[in-house]
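Notes for the one structure printed next.
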Amino acid sequence: MYFTILLYHGVTDQKSEGIENFSGKHLYYRDFITQMKWLKKNANVISMDEVFYLIKNKIKFPKKTVAITFDDGFKNNATIAAPILDKFSIPATFYISAGQIGKNNPFWVDIIENSINKTSLQEISLNLNVQKKFNIGSYDEKTQAVTKIKKYCKKISNEERKKVILNLEKITLVKTSSKTCKNYNIMSWKDIKNLSAKSNFIIGGHSMNHEILSSLSIREMKINIAQSIRLIENKIGTSVRHYSYPEGQKIHYNLNVINALKNNNIVCCPSAINGMASSRGNLFKLKRIMVGLGGIEFPYKKILR
């Protein structure tokens, strides 16, 4: 039997400028309200704690079961999404990159987007192992450039990725901070504590600074996971049992990562691989549906099966 884990990143009330949010990572709030209202009426929405309990104990899932999750830790999770979830009494899990919380440093993917979006240049040449020329004069050219640069950065080491990002900022003459765009704002620890205090919300880990865990050395990866978990636990005063992999595709985690998570008392860590989750599946390989991102639609029909 299959059930649905929905993966969101942000919920926004902002109108985009240029190519900002072209990927649909931040869902428009009215669409999110429509989706939550529909789920409240038509589905059986449960928490990731309940997902773990049902799978662990091999209990049959109720029909139309759905779990809500958010990755990264954007400010609008607390200011826009959480009040909507509260309104409909819907549980959710927020997986956060602990080292980013309360900081003015945007996620590296947002730096790429903003660098290309805000530059006045019509073309750039960037070293992606070999020198690559990008025409960025039009909307489509900008989105294509961002997509290609992101794709490359997701396949290289953390240190190599930092060099690419710094070089991109230098070439485009664009310096990005979380104040650059409201959608780039990240939650504070006060926001996290407020969410954690609510019985319908769970706080989980998502690395320190959105590092791709499989790109780190085994030692670095183990330290990163342990630090991210301990930091959250120290800030919210409760244990962390849930986690999600940054990027979350097959190449972004492995058995070493899974074992490190288990050694830190993590009981469930879904991927970001698109699809329905199996009620008999591995708790560290569950699939999710990334609503909005890349044009992925809300799975009304799949939920009702």
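By order in the structure tokens, chains are A, B, ...; within a chain, residues start at 1; ligands start at 1, following the order shown.
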**Report entry** For Pro62 in chain A: contacts at 12 Å, only C-alpha atoms, fewer than 4 positions along chain excluded, given as a PyMOL selection string
**Finding:** chain A and resi 1-4+43-46+50-51+54+66+279+303-305
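Residue neighbourhood of range 14-26 of chain A, excluding near-sequence residues (fewer than 3 positions): His9, Gly10, Val11, Asn117, Gly292, Leu293 and Gly294 of chain A, at 6 Å, using only C-alpha atoms.
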Query raised in the report: With distances taken over only C-alpha atoms, which of A:Asn114, A:Ser89, A:Gln227, A:Ser239 is nearest to Ser199 in chain A?
Result: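 Under the stated criterion, the closest residue is A:Ser89.
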Requested in this report: Kindly indicate which residue among A:Cys269, A:Leu6, A:Ile55, A:Ile236 lies nearest to Ala67 in chain A, using only C-alpha atoms for the distances.
Outcome: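 So, comparing all the options, the nearest one is A:Leu6.
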Report task. Please report, as an NGL selection string, each residue of range 174-300 of chain A to which DSSP assigns strand (DSSP E) when run on this structure's backbone. Result -> :A and (201-205 or 277-278 or 289-290)
Query raised in the report: With distances taken over only C-alpha atoms, which of A:Val267, A:Leu195, A:Ala260, A:Ile124 is nearest to Phe94 in chain A?
Result: A:Leu195
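Of note, CA of Tyr8 in chain A and CA of Leu27 in chain A are spaced 7.9 Å apart.
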Report task. Rank A:Lys190, A:Lys155, A:Lys148, A:His210 by their smallest atom-to-atom distance to Ile225 in chain A, using only C-alpha atoms, and report the top residue only. Result -> A:His210
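Computed from the coordinates, the CA of Leu7 in chain A to CA of Thr69 in chain A distance equals 5.0 Å.
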Report task. Per DSSP on the backbone, filter range 253-293 of chain A down to the residues in helix (DSSP H, G or I) and report them as JSON, numbers by chain. Result -> {"A": [255, 256, 257, 258, 259, 260, 261, 262, 263, 293]}
Can you write out the residues you just picked, keeping N, CA and C atoms, as a tab-separated table (two decimals), in the first residue's frame?
chain	number	residue	atom	x	y	z
A	255	LEU	N	24.69	4.54	2.39
A	255	LEU	CA	24.59	3.75	3.61
A	255	LEU	C	25.38	4.37	4.75
A	256	ASN	N	26.52	5.00	4.45
A	256	ASN	CA	27.29	5.66	5.50
A	256	ASN	C	26.48	6.78	6.16
A	257	VAL	N	25.77	7.54	5.33
A	257	VAL	CA	24.92	8.62	5.83
A	257	VAL	C	23.79	8.05	6.69
A	258	ILE	N	23.14	7.02	6.19
A	258	ILE	CA	22.03	6.41	6.93
A	258	ILE	C	22.50	5.88	8.28
A	259	ASN	N	23.64	5.21	8.29
A	259	ASN	CA	24.16	4.67	9.55
A	259	ASN	C	24.51	5.78	10.54
A	260	ALA	N	25.07	6.88	10.02
A	260	ALA	CA	25.39	8.02	10.89
A	260	ALA	C	24.13	8.61	11.51
A	261	LEU	N	23.06	8.69	10.73
A	261	LEU	CA	21.79	9.19	11.24
A	261	LEU	C	21.24	8.27	12.33
A	262	LYS	N	21.28	6.97	12.06
A	262	LYS	CA	20.79	6.01	13.05
A	262	LYS	C	21.60	6.08	14.34
A	263	ASN	N	22.90	6.29	14.20
A	263	ASN	CA	23.77	6.39	15.39
A	263	ASN	C	23.48	7.64	16.21
A	293	LEU	N	7.62	22.75	-7.00
A	293	LEU	CA	8.97	22.86	-7.54
A	293	LEU	C	9.05	22.20	-8.92
Query - Selection: 9 Å around Gly275 in chain A, only C-alpha atoms, excl. self and same-chain fewer than 6 positions, as a list of chain:residue names - result: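 Residues meeting the cut-off are A:Thr4, A:Ile5, A:Leu286, A:Lys287, A:Arg288, A:Ile289, A:Met290.
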Since we have the selection now, will you write its residues out, keeping N, CA and C atoms, as a PDB file, in the first residue's frame?
ATOM      1  N   THR A   4       1.075   9.235   0.875  1.00  0.00           N
ATOM      2  CA  THR A   4       1.681  10.428   0.283  1.00  0.00           C
ATOM      3  C   THR A   4       2.416  11.259   1.328  1.00  0.00           C
ATOM      4  N   ILE A   5       3.680  11.575   1.036  1.00  0.00           N
ATOM      5  CA  ILE A   5       4.396  12.567   1.836  1.00  0.00           C
ATOM      6  C   ILE A   5       4.630  13.779   0.935  1.00  0.00           C
ATOM      7  N   LEU A 286      12.083   6.767   2.039  1.00  0.00           N
ATOM      8  CA  LEU A 286      10.715   7.085   1.637  1.00  0.00           C
ATOM      9  C   LEU A 286      10.695   8.194   0.593  1.00  0.00           C
ATOM     10  N   LYS A 287       9.846   8.046  -0.404  1.00  0.00           N
ATOM     11  CA  LYS A 287       9.716   9.056  -1.455  1.00  0.00           C
ATOM     12  C   LYS A 287       8.756  10.156  -1.013  1.00  0.00           C
ATOM     13  N   ARG A 288       8.937  11.327  -1.616  1.00  0.00           N
ATOM     14  CA  ARG A 288       8.031  12.454  -1.350  1.00  0.00           C
ATOM     15  C   ARG A 288       7.643  13.118  -2.667  1.00  0.00           C
ATOM     16  N   ILE A 289       6.565  13.876  -2.637  1.00  0.00           N
ATOM     17  CA  ILE A 289       6.134  14.645  -3.808  1.00  0.00           C
ATOM     18  C   ILE A 289       6.382  16.116  -3.527  1.00  0.00           C
ATOM     19  N   MET A 290       7.266  16.715  -4.332  1.00  0.00           N
ATOM     20  CA  MET A 290       7.753  18.069  -4.111  1.00  0.00           C
ATOM     21  C   MET A 290       6.799  19.083  -4.755  1.00  0.00           C
TER      22      MET A 290
END
Query raised in the report: Which neighbours of range 167-171 of chain A fall inside 10 Å, counting only C-alpha atoms, when residues of the same chain fewer than 5 positions from it are skipped, and could you give them as a list of chain:residue names?
Result: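 What passes the distance filter is A:Ile111, A:Ile112, A:Asn114, A:Ser115, A:Ile116, A:Thr119, A:Leu121, A:Ile124, A:Ser125, A:Leu126, A:Asn127, A:Ile149, A:Arg161, A:Lys162, A:Thr176.
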Query raised in the report: Which residue, A:Ile232, A:Glu247, A:Thr65, A:Ile296, has the smallest gap to Lys150 in chain A when you use only C-alpha atoms?
Result: A:Glu247
